$ cat data14.cif   # mmCIF, N, CA and C atoms
data_data
#
loop_
_atom_site.label_atom_id
_atom_site.label_comp_id
_atom_site.auth_asym_id
_atom_site.auth_seq_id
_atom_site.Cartn_x
_atom_site.Cartn_y
_atom_site.Cartn_z
N MET D 167 25.12 -64.04 -7.77
CA MET D 167 24.49 -63.37 -8.89
C MET D 167 24.56 -64.25 -10.12
N GLN D 168 23.45 -64.31 -10.84
CA GLN D 168 23.39 -65.05 -12.09
C GLN D 168 22.65 -64.20 -13.12
N ILE D 169 23.16 -64.17 -14.33
CA ILE D 169 22.47 -63.49 -15.43
C ILE D 169 22.00 -64.57 -16.39
N ARG D 170 20.72 -64.46 -16.78
CA ARG D 170 20.15 -65.45 -17.68
C ARG D 170 19.02 -64.83 -18.48
N LYS D 171 18.63 -65.54 -19.53
CA LYS D 171 17.46 -65.11 -20.29
C LYS D 171 16.23 -65.30 -19.42
N ALA D 172 15.28 -64.38 -19.56
CA ALA D 172 14.05 -64.46 -18.78
C ALA D 172 13.17 -65.59 -19.30
N VAL D 173 12.35 -66.11 -18.41
CA VAL D 173 11.34 -67.11 -18.76
C VAL D 173 9.97 -66.57 -18.33
N THR D 174 8.93 -67.21 -18.79
CA THR D 174 7.59 -66.67 -18.56
C THR D 174 7.27 -66.50 -17.07
N THR D 175 7.81 -67.35 -16.23
CA THR D 175 7.51 -67.23 -14.81
C THR D 175 8.18 -66.01 -14.17
N ASP D 176 9.05 -65.32 -14.91
CA ASP D 176 9.69 -64.10 -14.43
C ASP D 176 8.85 -62.85 -14.70
N ALA D 177 7.84 -62.96 -15.53
CA ALA D 177 7.11 -61.78 -16.02
C ALA D 177 6.54 -60.92 -14.89
N SER D 178 5.94 -61.51 -13.89
CA SER D 178 5.35 -60.72 -12.80
C SER D 178 6.41 -59.95 -12.03
N ALA D 179 7.53 -60.58 -11.75
CA ALA D 179 8.61 -59.90 -11.02
C ALA D 179 9.21 -58.78 -11.87
N ILE D 180 9.36 -59.02 -13.17
CA ILE D 180 9.87 -57.98 -14.07
C ILE D 180 8.89 -56.81 -14.09
N GLN D 181 7.60 -57.11 -14.18
CA GLN D 181 6.60 -56.04 -14.20
C GLN D 181 6.64 -55.22 -12.92
N GLN D 182 6.73 -55.88 -11.80
CA GLN D 182 6.78 -55.18 -10.52
C GLN D 182 8.00 -54.26 -10.45
N LEU D 183 9.15 -54.74 -10.92
CA LEU D 183 10.37 -53.94 -10.92
C LEU D 183 10.23 -52.73 -11.84
N ILE D 184 9.82 -52.95 -13.07
CA ILE D 184 9.68 -51.86 -14.04
C ILE D 184 8.62 -50.86 -13.59
N ASN D 185 7.46 -51.36 -13.19
CA ASN D 185 6.38 -50.45 -12.84
C ASN D 185 6.65 -49.68 -11.55
N GLY D 186 7.50 -50.21 -10.69
CA GLY D 186 7.93 -49.46 -9.51
C GLY D 186 8.67 -48.19 -9.92
N TYR D 187 9.54 -48.32 -10.91
CA TYR D 187 10.23 -47.14 -11.43
C TYR D 187 9.29 -46.26 -12.25
N ALA D 188 8.38 -46.87 -12.97
CA ALA D 188 7.41 -46.10 -13.76
C ALA D 188 6.54 -45.25 -12.86
N ASP D 189 6.17 -45.77 -11.70
CA ASP D 189 5.37 -44.99 -10.75
C ASP D 189 6.09 -43.72 -10.31
N LYS D 190 7.43 -43.73 -10.39
CA LYS D 190 8.24 -42.57 -10.01
C LYS D 190 8.56 -41.69 -11.22
N GLY D 191 8.02 -42.05 -12.40
CA GLY D 191 8.25 -41.27 -13.61
C GLY D 191 9.57 -41.56 -14.30
N ALA D 192 10.27 -42.62 -13.88
CA ALA D 192 11.58 -42.91 -14.43
C ALA D 192 11.55 -43.87 -15.62
N MET D 193 10.43 -44.53 -15.85
CA MET D 193 10.27 -45.48 -16.95
C MET D 193 8.81 -45.46 -17.37
N LEU D 194 8.52 -46.21 -18.41
CA LEU D 194 7.13 -46.39 -18.82
C LEU D 194 6.58 -47.67 -18.21
N HIS D 195 5.31 -47.65 -17.85
CA HIS D 195 4.66 -48.85 -17.34
C HIS D 195 4.61 -49.93 -18.42
N ARG D 196 4.69 -51.16 -18.00
CA ARG D 196 4.60 -52.30 -18.91
C ARG D 196 3.51 -53.23 -18.40
N SER D 197 2.62 -53.63 -19.28
CA SER D 197 1.56 -54.56 -18.91
C SER D 197 2.11 -55.99 -18.92
N LEU D 198 1.45 -56.87 -18.19
CA LEU D 198 1.86 -58.27 -18.21
C LEU D 198 1.76 -58.83 -19.62
N SER D 199 0.73 -58.45 -20.34
CA SER D 199 0.56 -58.90 -21.72
C SER D 199 1.77 -58.53 -22.56
N GLU D 200 2.21 -57.27 -22.46
CA GLU D 200 3.37 -56.81 -23.22
C GLU D 200 4.62 -57.59 -22.82
N LEU D 201 4.78 -57.85 -21.53
CA LEU D 201 5.95 -58.59 -21.08
C LEU D 201 5.94 -60.02 -21.57
N TYR D 202 4.80 -60.68 -21.51
CA TYR D 202 4.73 -62.05 -22.04
C TYR D 202 5.04 -62.09 -23.53
N GLU D 203 4.51 -61.12 -24.28
CA GLU D 203 4.74 -61.07 -25.72
C GLU D 203 6.21 -60.86 -26.05
N ASN D 204 6.93 -60.20 -25.16
CA ASN D 204 8.33 -59.86 -25.42
C ASN D 204 9.31 -60.53 -24.47
N ILE D 205 8.89 -61.57 -23.79
CA ILE D 205 9.73 -62.19 -22.76
C ILE D 205 11.08 -62.65 -23.32
N ARG D 206 11.10 -63.05 -24.60
CA ARG D 206 12.36 -63.51 -25.19
C ARG D 206 13.37 -62.39 -25.38
N ASP D 207 12.92 -61.13 -25.29
CA ASP D 207 13.84 -59.99 -25.38
C ASP D 207 14.59 -59.76 -24.07
N PHE D 208 14.07 -60.29 -22.97
CA PHE D 208 14.56 -59.93 -21.64
C PHE D 208 15.68 -60.81 -21.12
N TRP D 209 16.56 -60.14 -20.39
CA TRP D 209 17.58 -60.76 -19.55
C TRP D 209 17.24 -60.40 -18.11
N VAL D 210 17.58 -61.27 -17.19
CA VAL D 210 17.40 -60.95 -15.77
C VAL D 210 18.68 -61.28 -15.02
N VAL D 211 18.88 -60.55 -13.93
CA VAL D 211 19.94 -60.88 -13.00
C VAL D 211 19.22 -61.35 -11.74
N THR D 212 19.66 -62.48 -11.21
CA THR D 212 19.03 -63.02 -10.01
C THR D 212 20.06 -63.11 -8.89
N VAL D 213 19.56 -62.92 -7.69
CA VAL D 213 20.35 -63.07 -6.48
C VAL D 213 19.50 -63.93 -5.55
N ASP D 214 20.06 -65.05 -5.14
CA ASP D 214 19.32 -65.98 -4.28
C ASP D 214 17.95 -66.31 -4.89
N ASP D 215 17.94 -66.57 -6.19
CA ASP D 215 16.75 -66.95 -6.95
C ASP D 215 15.66 -65.88 -7.01
N GLU D 216 16.00 -64.64 -6.69
CA GLU D 216 15.05 -63.53 -6.82
C GLU D 216 15.54 -62.58 -7.89
N ILE D 217 14.61 -62.02 -8.66
CA ILE D 217 14.96 -61.06 -9.70
C ILE D 217 15.47 -59.78 -9.04
N ALA D 218 16.71 -59.41 -9.40
CA ALA D 218 17.31 -58.18 -8.87
C ALA D 218 17.40 -57.11 -9.95
N GLY D 219 17.25 -57.51 -11.21
CA GLY D 219 17.33 -56.55 -12.30
C GLY D 219 16.89 -57.17 -13.60
N CYS D 220 16.62 -56.30 -14.58
CA CYS D 220 16.21 -56.78 -15.89
C CYS D 220 16.62 -55.78 -16.96
N ALA D 221 16.68 -56.25 -18.18
CA ALA D 221 16.90 -55.41 -19.35
C ALA D 221 16.44 -56.20 -20.56
N ALA D 222 16.05 -55.49 -21.60
CA ALA D 222 15.58 -56.16 -22.82
C ALA D 222 16.34 -55.63 -24.02
N LEU D 223 16.59 -56.51 -24.96
CA LEU D 223 17.15 -56.14 -26.26
C LEU D 223 16.06 -56.40 -27.28
N HIS D 224 15.56 -55.33 -27.87
CA HIS D 224 14.45 -55.42 -28.83
C HIS D 224 14.96 -55.02 -30.21
N ILE D 225 14.86 -55.94 -31.16
CA ILE D 225 15.31 -55.66 -32.52
C ILE D 225 14.36 -54.66 -33.16
N SER D 226 14.93 -53.59 -33.71
CA SER D 226 14.13 -52.56 -34.37
C SER D 226 14.18 -52.67 -35.89
N TRP D 227 15.35 -53.05 -36.38
CA TRP D 227 15.54 -53.11 -37.83
C TRP D 227 16.73 -53.99 -38.11
N LYS D 228 17.09 -54.13 -39.35
CA LYS D 228 18.17 -55.03 -39.78
C LYS D 228 19.44 -54.87 -38.95
N ASP D 229 19.85 -53.64 -38.72
CA ASP D 229 21.12 -53.39 -38.03
C ASP D 229 20.93 -52.47 -36.83
N LEU D 230 19.75 -52.53 -36.21
CA LEU D 230 19.47 -51.62 -35.10
C LEU D 230 18.59 -52.32 -34.06
N ALA D 231 19.00 -52.20 -32.81
CA ALA D 231 18.21 -52.76 -31.70
C ALA D 231 18.15 -51.72 -30.59
N GLU D 232 17.14 -51.88 -29.74
CA GLU D 232 17.00 -50.99 -28.59
C GLU D 232 17.23 -51.78 -27.31
N LEU D 233 18.03 -51.22 -26.44
CA LEU D 233 18.18 -51.74 -25.09
C LEU D 233 17.15 -50.99 -24.25
N LYS D 234 16.19 -51.70 -23.72
CA LYS D 234 15.10 -51.03 -23.02
C LYS D 234 14.77 -51.72 -21.71
N SER D 235 14.00 -51.04 -20.91
CA SER D 235 13.52 -51.58 -19.63
C SER D 235 14.65 -52.02 -18.71
N LEU D 236 15.74 -51.28 -18.71
CA LEU D 236 16.84 -51.58 -17.79
C LEU D 236 16.45 -51.08 -16.40
N ALA D 237 16.40 -52.01 -15.46
CA ALA D 237 16.03 -51.66 -14.09
C ALA D 237 16.73 -52.60 -13.12
N VAL D 238 17.22 -52.04 -12.03
CA VAL D 238 17.84 -52.81 -10.96
C VAL D 238 17.19 -52.38 -9.66
N ARG D 239 16.81 -53.37 -8.85
CA ARG D 239 16.21 -53.05 -7.55
C ARG D 239 17.10 -52.07 -6.79
N GLU D 240 16.47 -51.13 -6.11
CA GLU D 240 17.23 -50.11 -5.39
C GLU D 240 18.18 -50.71 -4.37
N ASP D 241 17.78 -51.78 -3.70
CA ASP D 241 18.65 -52.38 -2.69
C ASP D 241 19.79 -53.18 -3.30
N CYS D 242 19.82 -53.30 -4.63
CA CYS D 242 20.87 -54.05 -5.31
C CYS D 242 21.74 -53.16 -6.19
N GLN D 243 21.53 -51.86 -6.15
CA GLN D 243 22.32 -50.96 -7.00
C GLN D 243 23.73 -50.82 -6.47
N GLY D 244 24.63 -50.46 -7.39
CA GLY D 244 26.03 -50.27 -7.02
C GLY D 244 26.84 -51.54 -6.99
N ARG D 245 26.29 -52.62 -7.50
CA ARG D 245 26.98 -53.92 -7.49
C ARG D 245 27.38 -54.37 -8.89
N GLY D 246 27.15 -53.53 -9.90
CA GLY D 246 27.53 -53.88 -11.26
C GLY D 246 26.46 -54.64 -12.03
N TYR D 247 25.27 -54.76 -11.47
CA TYR D 247 24.22 -55.52 -12.15
C TYR D 247 23.75 -54.85 -13.43
N ALA D 248 23.60 -53.53 -13.41
CA ALA D 248 23.16 -52.83 -14.62
C ALA D 248 24.19 -53.02 -15.73
N ARG D 249 25.44 -52.87 -15.38
CA ARG D 249 26.49 -53.06 -16.39
C ARG D 249 26.48 -54.49 -16.93
N ALA D 250 26.28 -55.46 -16.08
CA ALA D 250 26.24 -56.86 -16.52
C ALA D 250 25.06 -57.09 -17.46
N LEU D 251 23.93 -56.47 -17.17
CA LEU D 251 22.76 -56.60 -18.05
C LEU D 251 23.00 -55.92 -19.39
N ILE D 252 23.62 -54.75 -19.37
CA ILE D 252 23.96 -54.06 -20.62
C ILE D 252 24.92 -54.92 -21.43
N ASP D 253 25.94 -55.47 -20.79
CA ASP D 253 26.89 -56.32 -21.49
C ASP D 253 26.22 -57.54 -22.11
N ALA D 254 25.28 -58.15 -21.40
CA ALA D 254 24.57 -59.31 -21.93
C ALA D 254 23.78 -58.92 -23.18
N CYS D 255 23.13 -57.77 -23.14
CA CYS D 255 22.37 -57.31 -24.31
C CYS D 255 23.28 -57.01 -25.48
N LEU D 256 24.43 -56.38 -25.22
CA LEU D 256 25.36 -56.06 -26.30
C LEU D 256 25.95 -57.33 -26.92
N LYS D 257 26.25 -58.31 -26.10
CA LYS D 257 26.77 -59.58 -26.62
C LYS D 257 25.72 -60.27 -27.48
N GLU D 258 24.48 -60.22 -27.03
CA GLU D 258 23.40 -60.82 -27.83
C GLU D 258 23.25 -60.09 -29.15
N ALA D 259 23.36 -58.77 -29.14
CA ALA D 259 23.26 -57.99 -30.37
C ALA D 259 24.35 -58.42 -31.36
N MET D 260 25.57 -58.61 -30.86
CA MET D 260 26.66 -59.06 -31.73
C MET D 260 26.36 -60.44 -32.31
N THR D 261 25.83 -61.33 -31.47
CA THR D 261 25.48 -62.68 -31.93
C THR D 261 24.44 -62.62 -33.05
N LEU D 262 23.54 -61.64 -32.95
CA LEU D 262 22.48 -61.49 -33.95
C LEU D 262 22.90 -60.61 -35.13
N SER D 263 24.18 -60.20 -35.17
CA SER D 263 24.72 -59.34 -36.22
C SER D 263 24.07 -57.96 -36.27
N VAL D 264 23.68 -57.47 -35.11
CA VAL D 264 23.13 -56.12 -35.00
C VAL D 264 24.28 -55.20 -34.61
N GLY D 265 24.60 -54.25 -35.49
CA GLY D 265 25.77 -53.41 -35.29
C GLY D 265 25.55 -52.19 -34.43
N LYS D 266 24.29 -51.78 -34.23
CA LYS D 266 24.00 -50.58 -33.45
C LYS D 266 22.91 -50.88 -32.43
N VAL D 267 23.15 -50.44 -31.21
CA VAL D 267 22.17 -50.59 -30.13
C VAL D 267 21.96 -49.22 -29.52
N PHE D 268 20.71 -48.82 -29.40
CA PHE D 268 20.42 -47.52 -28.79
C PHE D 268 19.58 -47.71 -27.54
N ALA D 269 19.53 -46.67 -26.75
CA ALA D 269 18.67 -46.64 -25.56
C ALA D 269 18.19 -45.21 -25.38
N LEU D 270 17.03 -45.07 -24.78
CA LEU D 270 16.52 -43.78 -24.34
C LEU D 270 16.55 -43.83 -22.83
N THR D 271 17.21 -42.86 -22.21
CA THR D 271 17.48 -42.96 -20.78
C THR D 271 17.50 -41.60 -20.11
N TYR D 272 17.24 -41.63 -18.81
CA TYR D 272 17.41 -40.44 -17.98
C TYR D 272 18.79 -40.46 -17.32
N VAL D 273 19.54 -41.55 -17.52
CA VAL D 273 20.86 -41.72 -16.90
C VAL D 273 21.89 -42.04 -17.99
N PRO D 274 22.18 -41.10 -18.88
CA PRO D 274 23.10 -41.40 -19.98
C PRO D 274 24.50 -41.76 -19.52
N GLU D 275 24.91 -41.25 -18.37
CA GLU D 275 26.26 -41.51 -17.87
C GLU D 275 26.50 -43.02 -17.65
N LEU D 276 25.49 -43.73 -17.23
CA LEU D 276 25.61 -45.18 -17.03
C LEU D 276 25.98 -45.86 -18.35
N PHE D 277 25.32 -45.47 -19.42
CA PHE D 277 25.57 -46.07 -20.72
C PHE D 277 26.91 -45.60 -21.31
N GLU D 278 27.26 -44.36 -21.06
CA GLU D 278 28.52 -43.84 -21.57
C GLU D 278 29.71 -44.58 -20.97
N LYS D 279 29.59 -45.07 -19.76
CA LYS D 279 30.68 -45.81 -19.11
C LYS D 279 31.01 -47.10 -19.87
N VAL D 280 30.05 -47.62 -20.64
CA VAL D 280 30.29 -48.86 -21.38
C VAL D 280 30.39 -48.64 -22.89
N GLY D 281 30.60 -47.40 -23.31
CA GLY D 281 30.89 -47.14 -24.71
C GLY D 281 29.77 -46.55 -25.54
N PHE D 282 28.61 -46.28 -24.95
CA PHE D 282 27.54 -45.61 -25.69
C PHE D 282 27.91 -44.13 -25.84
N GLN D 283 27.38 -43.50 -26.88
CA GLN D 283 27.57 -42.07 -27.08
C GLN D 283 26.20 -41.42 -27.23
N ARG D 284 26.10 -40.20 -26.75
CA ARG D 284 24.84 -39.47 -26.90
C ARG D 284 24.58 -39.19 -28.38
N THR D 285 23.31 -39.24 -28.74
CA THR D 285 22.91 -38.97 -30.11
C THR D 285 21.59 -38.21 -30.11
N ASP D 286 21.21 -37.72 -31.23
CA ASP D 286 19.96 -36.99 -31.38
C ASP D 286 18.83 -37.98 -31.64
N LYS D 287 17.73 -37.82 -30.91
CA LYS D 287 16.57 -38.70 -31.13
C LYS D 287 16.08 -38.65 -32.56
N ALA D 288 16.29 -37.53 -33.24
CA ALA D 288 15.86 -37.39 -34.63
C ALA D 288 16.56 -38.40 -35.54
N LEU D 289 17.69 -38.93 -35.10
CA LEU D 289 18.40 -39.94 -35.88
C LEU D 289 17.81 -41.33 -35.69
N LEU D 290 16.76 -41.43 -34.88
CA LEU D 290 16.08 -42.70 -34.62
C LEU D 290 14.61 -42.59 -35.04
N PRO D 291 14.34 -42.21 -36.28
CA PRO D 291 12.95 -41.95 -36.68
C PRO D 291 12.04 -43.16 -36.56
N ARG D 292 12.56 -44.36 -36.78
CA ARG D 292 11.71 -45.55 -36.68
C ARG D 292 11.17 -45.69 -35.26
N LYS D 293 11.99 -45.46 -34.26
CA LYS D 293 11.57 -45.52 -32.86
C LYS D 293 10.56 -44.41 -32.57
N VAL D 294 10.91 -43.19 -32.96
CA VAL D 294 10.07 -42.04 -32.65
C VAL D 294 8.69 -42.19 -33.26
N TRP D 295 8.61 -42.63 -34.50
CA TRP D 295 7.32 -42.65 -35.19
C TRP D 295 6.57 -43.97 -35.05
N THR D 296 7.18 -45.01 -34.49
CA THR D 296 6.43 -46.24 -34.26
C THR D 296 6.03 -46.44 -32.79
N GLU D 297 6.80 -45.87 -31.87
CA GLU D 297 6.49 -46.05 -30.45
C GLU D 297 6.33 -44.73 -29.70
N CYS D 298 7.29 -43.86 -29.84
CA CYS D 298 7.30 -42.63 -29.03
C CYS D 298 6.04 -41.79 -29.21
N VAL D 299 5.50 -41.75 -30.41
CA VAL D 299 4.33 -40.91 -30.66
C VAL D 299 3.12 -41.34 -29.83
N TYR D 300 3.12 -42.57 -29.35
CA TYR D 300 2.01 -43.07 -28.54
C TYR D 300 2.24 -42.90 -27.04
N CYS D 301 3.41 -42.43 -26.67
CA CYS D 301 3.75 -42.26 -25.27
C CYS D 301 3.07 -41.01 -24.71
N PRO D 302 2.54 -41.09 -23.49
CA PRO D 302 1.90 -39.91 -22.91
C PRO D 302 2.88 -38.76 -22.66
N LYS D 303 4.17 -39.03 -22.65
CA LYS D 303 5.17 -37.98 -22.43
C LYS D 303 5.64 -37.34 -23.74
N PHE D 304 5.22 -37.87 -24.88
CA PHE D 304 5.66 -37.35 -26.17
C PHE D 304 5.10 -35.95 -26.40
N PRO D 305 5.87 -35.02 -26.92
CA PRO D 305 7.25 -35.11 -27.41
C PRO D 305 8.29 -34.64 -26.40
N ASP D 306 7.87 -34.38 -25.18
CA ASP D 306 8.78 -33.77 -24.20
C ASP D 306 9.12 -34.72 -23.04
N CYS D 307 9.59 -35.91 -23.36
CA CYS D 307 9.84 -36.88 -22.30
C CYS D 307 11.12 -36.58 -21.52
N GLY D 308 12.06 -35.92 -22.13
CA GLY D 308 13.30 -35.60 -21.44
C GLY D 308 14.33 -36.71 -21.48
N GLU D 309 13.99 -37.86 -22.04
CA GLU D 309 14.97 -38.93 -22.15
C GLU D 309 16.05 -38.54 -23.16
N ILE D 310 17.24 -39.05 -22.92
CA ILE D 310 18.38 -38.76 -23.77
C ILE D 310 18.69 -40.03 -24.56
N ALA D 311 18.88 -39.86 -25.85
CA ALA D 311 19.22 -40.99 -26.71
C ALA D 311 20.73 -41.25 -26.66
N VAL D 312 21.09 -42.53 -26.52
CA VAL D 312 22.48 -42.95 -26.56
C VAL D 312 22.58 -44.11 -27.52
N ILE D 313 23.72 -44.26 -28.14
CA ILE D 313 23.88 -45.34 -29.12
C ILE D 313 25.26 -45.98 -28.98
N PHE D 314 25.30 -47.28 -29.20
CA PHE D 314 26.53 -48.06 -29.19
C PHE D 314 26.69 -48.64 -30.59
N GLN D 315 27.84 -48.40 -31.20
CA GLN D 315 28.10 -48.92 -32.53
C GLN D 315 29.28 -49.85 -32.47
N SER D 316 29.04 -51.11 -32.80
CA SER D 316 30.12 -52.09 -32.72
C SER D 316 30.98 -52.10 -33.97
N ILE D 317 30.52 -51.43 -35.01
CA ILE D 317 31.27 -51.43 -36.27
C ILE D 317 31.93 -50.08 -36.46
#
$ encode --input "data14.cif" --output "structure tokens"
Amino acid sequence: MQIRKAVTTDASAIQQLINGYADKGAMLHRSLSELYENIRDFWVVTVDDEIAGCAALHISWKDLAELKSLAVREDCQGRGYARALIDACLKEAMTLSVGKVFALTYVPELFEKVGFQRTDKALLPRKVWTECVYCPKFPDCGEIAVIFQSI
């Protein structure tokens, strides 16, 4: 297993992984265009040179970032890859002096194991009014907001 920053040649595999979960209603679909535009946000975990998981850290504001698009192939779950991707994103946030990282998830327990706490989506107005309002699931997506505060 290796964790590294994504490169442009990873975009198709990342899209396939994310959109596989999106087809099941567990995530939002991502276009290749969107992935290329945001490839520098992504981390990947590889096993035998194949993408086994991904996650992105997207800066939202001066002291706030979102951990998004966390996905691990079903045949690779239970091996700590999701946790390793979360840790990589949190370390990057610290390097960038971002004190708070949030995520919207259907699996809050995964994030709580690494120190995130549940929060109210209303406390994330920048996210809700810049992205969520355009989501086809808005306002009843059912995702739970979690936040990690390093300070």
$ closest_residue --input "data14.cif" --among "D:Leu289, D:Ile225, D:Ile169, D:Leu233" --to "Val210 in chain D" --atoms "only C-alpha atoms"
D:Ile169
$ closest_residue --input "data14.cif" --among "D:Asp215, D:Met260, D:Ile180, D:Ile313" --to "Met167 in chain D" --atoms "all atoms listed in the file"
D:Asp215
$ atom_distance --input "data14.cif" --atom1 "CA of Gly265 in chain D" --atom2 "CA of Leu230 in chain D"
6.6 Å
$ resolve_selection --input "data14.cif" --expression "the PyMOL selection byres ((chain D and resi 232) around 7)" --output "list in words"
Ala222, Leu223, His224, Ile225, Ser226, Trp227, Leu230, Ala231, Leu233, Lys234, Lys266, Val267, Phe268 and Ala269 of chain D
$ residues_around --input "data14.cif" --residues "Ser178 in chain D" --least-positions-apart "6" --cutoff "10 Å" --atoms "only C-alpha atoms" --output "JSON, numbers by chain"
{"D": [184, 197, 198, 201, 202]}
$ select_by_dssp --input "data14.cif" --residues "chain D" --states "helix (DSSP H, G or I)" --output "ChimeraX atom specification"
/D:174-188,198-203,205-207,240-242,247-261,274-278,287-289,291-296,298-300
$ atom_distance --input "data14.cif" --atom1 "CA of Ile252 in chain D" --atom2 "CA of Ala218 in chain D"
14.1 Å
$ residues_near_point --input "data14.cif" --point "(27.4, -38.0, -27.1)" --cutoff "8 Å" --atoms "all atoms listed in the file" --output "compact mmCIF listing (two decimals) with N, CA and C atoms, in the frame of the given file"
# COMPACT_ATOMS: atom_id res chain seq x y z
N PHE D 282 28.61 -46.28 -24.95
CA PHE D 282 27.54 -45.61 -25.69
C PHE D 282 27.91 -44.13 -25.84
N GLN D 283 27.38 -43.50 -26.88
CA GLN D 283 27.57 -42.07 -27.08
C GLN D 283 26.20 -41.42 -27.23
N ARG D 284 26.10 -40.20 -26.75
CA ARG D 284 24.84 -39.47 -26.90
C ARG D 284 24.58 -39.19 -28.38
N THR D 285 23.31 -39.24 -28.74
CA THR D 285 22.91 -38.97 -30.11
C THR D 285 21.59 -38.21 -30.11
N ASP D 286 21.21 -37.72 -31.23
CA ASP D 286 19.96 -36.99 -31.38
C ASP D 286 18.83 -37.98 -31.64
N ALA D 311 18.88 -39.86 -25.85
CA ALA D 311 19.22 -40.99 -26.71
C ALA D 311 20.73 -41.25 -26.66
N VAL D 312 21.09 -42.53 -26.52
CA VAL D 312 22.48 -42.95 -26.56
C VAL D 312 22.58 -44.11 -27.52
N ILE D 313 23.72 -44.26 -28.14
CA ILE D 313 23.88 -45.34 -29.12
C ILE D 313 25.26 -45.98 -28.98
$ atom_distance --input "data14.cif" --atom1 "atom N of Arg206 in chain D" --atom2 "atom C of Ala172 in chain D"
6.2 Å
$ select_by_dssp --input "data14.cif" --residues "chain D" --states "strand (DSSP E or B)" --output "ChimeraX atom specification"
/D:168-171,208-213,216-227,230-238,266-271,283-285,310-315
$ resolve_selection --input "data14.cif" --expression "the PyMOL selection byres ((chain D and resi 239) around 6.5)" --output "list of chain:residue names"
D:Ala218, D:Gly219, D:Cys220, D:Ala237, D:Val238, D:Glu240, D:Asp241, D:Cys242, D:Gln243
